[in-house]
file input-v9.txt (compact mmCIF, C-alpha atoms)
# COMPACT_ATOMS: atom_id res chain seq x y z
CA MET A 209 24.42 60.86 -42.67
CA ASP A 210 23.71 64.09 -40.74
CA ARG A 211 24.99 63.18 -37.29
CA ASP A 212 23.87 66.48 -35.73
CA ALA A 213 20.31 65.95 -36.94
CA ALA A 214 20.33 62.40 -35.57
CA LEU A 215 21.54 63.64 -32.19
CA SER A 216 18.85 66.31 -32.22
CA LEU A 217 16.20 63.60 -32.61
CA VAL A 218 17.81 61.54 -29.83
CA ARG A 219 17.74 64.58 -27.53
CA THR A 220 14.09 65.25 -28.40
CA LEU A 221 13.18 61.68 -27.43
CA THR A 222 15.47 61.38 -24.40
CA ARG A 223 14.24 64.33 -22.38
CA PRO A 224 10.54 63.32 -22.19
CA ALA A 225 11.58 59.72 -21.45
CA LEU A 226 13.52 60.93 -18.41
CA GLU A 227 10.71 63.32 -17.50
CA LEU A 228 8.31 60.37 -17.35
CA PHE A 229 10.49 57.72 -15.77
CA SER A 230 13.32 59.45 -13.91
CA PRO A 231 12.44 63.12 -13.30
CA ALA A 232 15.22 63.50 -10.74
CA GLN A 233 17.70 63.38 -13.63
CA LEU A 234 16.26 66.45 -15.40
CA ASN A 235 18.30 68.99 -13.46
CA GLU A 236 21.50 67.56 -14.91
CA PHE A 237 20.02 66.62 -18.29
CA GLU A 238 21.62 69.35 -20.40
CA ASP A 239 25.11 68.72 -19.07
CA ASP A 240 24.69 64.93 -19.15
CA PHE A 241 23.43 64.95 -22.72
CA ALA A 242 26.16 67.30 -23.88
CA ALA A 243 28.80 65.00 -22.36
CA TRP A 244 27.18 61.93 -23.85
CA SER A 245 26.82 63.46 -27.34
CA LEU A 246 30.58 64.11 -27.54
CA SER A 247 31.18 60.35 -27.71
CA ALA A 248 27.91 59.26 -29.36
CA GLY A 249 29.52 58.95 -32.77
CA ALA A 250 31.97 56.39 -31.42
CA LEU A 251 29.24 54.14 -29.99
CA GLY A 252 28.04 51.38 -32.26
CA VAL A 253 25.29 48.80 -32.27
CA SER A 254 27.94 46.13 -31.72
CA GLU A 255 28.23 47.36 -28.13
CA PRO A 256 24.77 46.61 -26.67
CA SER A 257 26.04 46.58 -23.10
CA VAL A 258 26.57 50.34 -23.35
CA PHE A 259 22.85 50.81 -23.76
CA LEU A 260 21.33 47.93 -21.84
CA THR A 261 23.10 48.02 -18.48
CA PRO A 262 20.76 49.74 -16.01
CA PRO A 263 22.31 52.37 -13.75
CA ALA A 264 22.33 51.91 -10.00
CA HIS A 265 19.44 54.30 -9.36
CA GLY A 266 16.78 54.30 -12.08
CA LEU A 267 17.39 55.44 -15.62
CA ASP A 268 19.97 58.02 -16.63
CA THR A 269 20.72 60.06 -19.72
CA THR A 270 23.37 57.66 -20.99
CA LEU A 271 21.02 54.67 -20.93
CA VAL A 272 18.06 56.41 -22.57
CA ALA A 273 20.04 58.43 -25.12
CA GLY A 274 22.15 55.39 -26.01
CA MET A 275 19.03 53.32 -26.59
CA PHE A 276 17.49 55.89 -28.93
CA PHE A 277 20.82 56.50 -30.69
CA GLN A 278 21.17 52.80 -31.41
CA VAL A 279 17.72 52.35 -32.92
CA VAL A 280 18.00 55.54 -34.99
CA MET A 281 21.35 54.38 -36.44
CA GLU A 282 19.90 50.94 -37.21
CA ALA A 283 16.89 52.53 -38.93
CA HIS A 284 19.21 54.53 -41.21
CA ARG A 285 20.60 51.25 -42.55
CA LEU A 286 17.19 49.95 -43.66
CA PRO A 287 16.67 50.07 -47.46
CA VAL A 288 13.01 51.11 -47.01
CA GLY A 289 10.80 54.18 -46.87
CA SER A 290 10.28 56.58 -43.99
CA GLN A 291 7.15 54.88 -42.62
CA GLU A 292 8.94 51.55 -42.37
CA ARG A 293 11.85 53.23 -40.59
CA VAL A 294 9.50 54.90 -38.11
CA SER A 295 7.78 51.56 -37.44
CA PHE A 296 11.19 49.95 -36.90
CA ILE A 297 12.24 52.62 -34.37
CA ARG A 298 8.93 52.34 -32.53
CA LYS A 299 9.19 48.53 -32.28
CA ARG A 300 12.83 48.44 -31.19
CA ALA A 301 12.38 51.25 -28.66
CA LYS A 302 9.30 49.45 -27.31
CA ASP A 303 11.35 46.27 -26.83
CA TYR A 304 14.05 48.16 -24.94
CA LEU A 305 11.57 50.07 -22.79
CA VAL A 306 9.73 46.89 -21.82
CA THR A 307 13.04 45.23 -20.93
CA GLN A 308 14.29 48.14 -18.84
CA LEU A 309 11.06 49.46 -17.33
CA ALA A 310 8.81 46.45 -16.72
CA GLY A 311 7.18 46.89 -13.33
CA GLN A 312 8.28 50.53 -13.01
CA ILE A 313 5.87 52.44 -15.26
CA THR A 314 2.17 52.58 -16.06
CA LEU A 315 0.70 51.70 -19.43
CA SER A 316 -0.49 55.28 -19.92
CA GLN A 317 3.11 56.51 -19.53
CA PHE A 318 4.35 53.75 -21.85
CA TYR A 319 1.94 54.59 -24.67
CA ARG A 320 2.49 58.33 -24.23
CA LEU A 321 6.17 57.79 -24.98
CA LEU A 322 5.46 55.46 -27.93
CA ASN A 323 3.25 58.14 -29.50
CA LEU A 324 6.04 60.68 -29.05
CA ILE A 325 8.54 58.33 -30.71
CA GLU A 326 6.26 57.84 -33.69
CA GLU A 327 5.56 61.56 -34.11
CA GLU A 328 9.13 62.81 -33.78
CA ALA A 329 10.71 59.99 -35.82
CA GLY A 330 8.08 60.56 -38.52
CA LEU A 331 9.03 64.23 -38.83
CA TYR A 332 12.73 63.35 -38.84
CA PHE A 333 12.59 60.82 -41.69
CA ALA A 334 10.23 63.06 -43.68
CA ARG A 335 13.03 65.61 -44.14
CA PRO A 336 14.11 66.18 -47.77
CA ASP A 337 17.67 64.94 -47.22
CA TRP A 338 16.37 61.50 -46.13
CA SER A 339 13.85 61.13 -48.97
CA GLY A 340 15.68 62.18 -52.10
CA GLY A 341 14.26 65.70 -52.00
CA LYS A 342 10.67 64.59 -52.63
CA ALA A 343 9.47 65.58 -49.18
CA ALA A 344 10.29 69.21 -49.93
CA LEU A 345 7.39 69.28 -52.41
CA ARG A 346 4.81 68.32 -49.79
CA GLU A 347 3.25 69.95 -46.78
CA PRO A 348 4.63 68.58 -43.48
CA ARG A 349 1.24 67.18 -42.46
CA GLU A 350 0.98 65.15 -45.65
CA VAL A 351 4.33 63.47 -45.16
CA CYS A 352 3.22 61.91 -41.87
CA LEU A 353 0.02 60.34 -43.22
CA PRO A 354 -0.09 56.54 -42.86
CA LEU A 355 0.51 54.34 -45.87
CA PRO A 356 -2.51 52.97 -47.77
CA LEU A 357 -1.69 49.50 -46.44
CA PRO A 358 -1.52 49.81 -42.62
CA GLN A 359 0.45 47.44 -40.46
CA PRO A 360 -1.64 44.56 -39.05
CA GLU A 361 -2.96 45.06 -35.53
CA PRO A 362 -1.13 43.06 -32.86
CA VAL A 363 -4.45 41.98 -31.30
CA LYS A 364 -7.21 39.99 -32.99
CA SER A 365 -9.97 42.37 -31.97
CA GLU A 366 -12.98 40.41 -33.21
CA ALA A 367 -11.86 37.14 -31.63
CA LEU A 368 -11.26 38.99 -28.36
CA ARG A 369 -14.66 40.69 -28.51
CA GLN A 370 -16.46 37.40 -29.05
CA ALA A 371 -14.60 35.70 -26.20
CA LEU A 372 -15.33 38.51 -23.73
CA ALA A 373 -19.01 38.60 -24.72
CA LYS A 374 -19.40 34.97 -23.62
CA ILE A 375 -17.99 35.52 -20.11
CA ALA A 376 -20.40 36.07 -17.22
CA LEU A 377 -18.75 39.03 -15.52
CA PRO A 378 -19.27 39.71 -11.79
CA VAL A 379 -21.95 42.22 -10.80
CA LYS A 380 -19.48 44.16 -8.66
CA GLY A 381 -17.60 46.74 -10.70
CA ARG A 382 -19.90 46.21 -13.68
CA ARG A 383 -20.18 49.93 -14.44
CA LYS A 384 -16.43 50.19 -15.05
CA LEU A 385 -15.60 46.67 -16.15
CA THR A 386 -17.65 45.58 -19.13
CA PRO A 387 -16.77 43.43 -22.15
CA GLU A 388 -16.24 46.67 -24.08
CA THR A 389 -13.95 48.39 -21.56
CA LEU A 390 -11.99 45.19 -20.90
CA GLY A 391 -11.56 44.67 -24.64
CA GLY A 392 -10.37 48.24 -25.09
CA TYR A 393 -7.77 47.87 -22.35
CA LEU A 394 -6.48 44.54 -23.64
CA ARG A 395 -6.17 45.92 -27.16
CA GLU A 396 -4.13 48.84 -25.80
CA THR A 397 -1.63 46.44 -24.23
CA GLU A 398 -0.83 45.09 -27.75
CA GLY A 399 -0.14 41.70 -26.18
CA LEU A 400 2.54 43.08 -23.83
CA TRP A 401 2.82 41.85 -20.26
CA PHE A 402 1.10 44.05 -17.67
CA ARG A 403 0.79 44.16 -13.88
CA LEU A 404 -2.13 43.90 -11.49
CA LEU A 405 -1.32 47.51 -10.53
CA ASP A 406 -1.74 48.63 -14.15
CA PHE A 407 -5.20 47.05 -14.24
CA GLU A 408 -6.15 48.64 -10.89
CA ALA A 409 -5.02 52.08 -12.03
CA ARG A 410 -6.81 51.88 -15.36
CA PHE A 411 -10.22 50.95 -13.92
CA GLN A 412 -9.85 52.61 -10.50
CA VAL A 413 -10.76 49.44 -8.58
CA ASN A 414 -9.19 47.85 -5.51
CA LYS A 415 -6.70 44.99 -5.59
CA LYS A 416 -9.28 42.33 -4.68
CA THR A 417 -11.66 43.35 -7.47
CA ALA A 418 -8.83 43.62 -10.02
CA TRP A 419 -7.48 40.19 -9.07
CA GLY A 420 -10.98 38.67 -9.34
CA TYR A 421 -11.41 39.89 -12.92
CA LEU A 422 -7.92 38.89 -14.01
CA ASN A 423 -8.32 35.44 -12.45
CA LEU A 424 -11.63 35.02 -14.30
CA LEU A 425 -9.99 35.98 -17.60
CA LEU A 426 -7.23 33.46 -16.89
CA GLN A 427 -9.78 30.72 -16.27
CA GLU A 428 -11.61 31.59 -19.48
CA GLY A 429 -8.40 31.39 -21.51
CA VAL A 430 -8.33 35.08 -22.45
CA LEU A 431 -5.14 35.78 -20.49
CA ILE A 432 -1.94 33.92 -19.63
CA HIS A 433 0.21 34.18 -16.48
CA ASN A 434 4.00 34.43 -16.34
CA GLY A 435 4.19 31.90 -13.49
CA GLU A 436 5.79 34.31 -11.02
CA LYS A 437 4.58 35.32 -7.56
CA ALA A 438 3.85 38.52 -5.64
CA ASN A 439 5.03 41.71 -7.36
CA ARG A 440 6.69 39.78 -10.20
CA VAL A 441 3.34 38.53 -11.54
CA ARG A 442 2.52 39.61 -15.09
CA TYR A 443 -0.46 38.96 -17.37
CA ALA A 444 -0.76 39.02 -21.16
CA LEU A 445 -3.26 38.12 -23.86
CA ALA A 446 -3.41 34.43 -24.71
CA ALA A 447 -2.02 33.29 -28.08
CA PRO A 448 -5.41 32.92 -29.86
CA PHE A 449 -5.95 36.68 -29.50
CA GLN A 450 -2.51 37.82 -30.65
CA ALA A 451 -1.52 38.33 -34.28
CA GLY A 452 2.06 37.31 -33.44
CA PRO A 453 3.73 35.24 -30.71
CA ALA A 454 3.92 36.74 -27.23
CA SER A 455 7.30 38.02 -26.06
CA PRO A 456 8.91 36.25 -23.08
CA PRO A 457 7.65 37.31 -19.64
CA GLU A 458 9.54 40.25 -18.14
CA ALA A 459 10.66 40.51 -14.56
call {"tool": "encode", "arguments": {"input": "input-v9.txt", "output": "structure tokens"}}
result
Amino acid sequence: MDRDAALSLVRTLTRPALELFSPAQLNEFEDDFAAWSLSAGALGVSEPSVFLTPPAHGLDTTLVAGMFFQVVMEAHRLPVGSQERVSFIRKRAKDYLVTQLAGQITLSQFYRLLNLIEEEAGLYFARPDWSGGKAALREPREVCLPLPLPQPEPVKSEALRQALAKIALPVKGRRKLTPETLGGYLRETEGLWFRLLDFEARFQVNKKTAWGYLNLLLQEGVLIHNGEKANRVRYALAAPFQAGPASPPEA
């Protein structure tokens, strides 16, 4: 395994993660990452506390780099092709990010980082030395094309569309909040838990209007509630509209 190449990928993913979620750390990023990379080879997936213990003030290079290093090393052990490895990294990184950053980031930031993970990990595993030399015969753009059989969508789009079409939405906010725009937003969440603030920011509505729509969707069985109060409240798609079971509510 080319450890230097793996660390290069980890660095590529770590910097934009800190830029999004902890920009104050960027001034020390180069030194922090250099110090971390000296011991990265000694860290193993059997030591999850190294990666999952949040620092006292937001995220730091050790936490983010350790998380990416762990999922990249696990992906190397999979006896599958590059696309499956990229999907594995994306899913595991998503799980860690939700655990560490729930309530701290917006959905737009979250999906921006997921797209970066998919792009950079795709280029990494398309290298000739990870694919038996076959990738060297192709153009780089071709290597990143999706497989003929795509992964199933996490949201049952048609069932969601039909359910939203039956709901009598309030007149107020109708220009921004329609069955189509609501469906688009809920598909983007992929069944993950989201906050009232995320909904407000997406549709540029006030808290009262956002709460009214979310409460209506709860009553109609489109959404579920995590049972918390105040700023710990989270919403997610109900089970009939998810292809797989919902993850546990996050704080």
call {"tool": "atom_distance", "arguments": {"input": "input-v9.txt", "atom1": "CA of Glu282 (chain A)", "atom2": "CA of Phe237 (chain A)"}}
result
24.6 Å
call {"tool": "closest_residue", "arguments": {"input": "input-v9.txt", "among": "A:Lys384, A:Arg320, A:Lys299, A:Lys364", "to": "Gln412 (chain A)", "atoms": "only C-alpha atoms"}}
result
A:Lys384
call {"tool": "residues_around", "arguments": {"input": "input-v9.txt", "residues": "Lys437 (chain A)", "least_positions_apart": "4", "cutoff": "12 Å", "atoms": "all atoms listed in the file", "output": "PyMOL selection string"}}
result
chain A and resi 403-404+433+441-443+459
call {"tool": "atom_distance", "arguments": {"input": "input-v9.txt", "atom1": "CA of Leu445 (chain A)", "atom2": "CA of Gln427 (chain A)"}}
result
12.4 Å
call {"tool": "residues_around", "arguments": {"input": "input-v9.txt", "residues": "Leu422 (chain A)", "least_positions_apart": "5", "cutoff": "12 Å", "atoms": "all atoms listed in the file", "output": "PyMOL selection string"}}
result
chain A and resi 377-378+385+390+394+402-408+415-417+427-433+441-445
call {"tool": "residues_around", "arguments": {"input": "input-v9.txt", "residues": "Thr389 (chain A)", "least_positions_apart": "4", "cutoff": "12 Å", "atoms": "all atoms listed in the file", "output": "VMD selection string"}}
result
chain A and resid 368 to 369 372 to 373 381 to 385 393 to 396 407 410 to 411
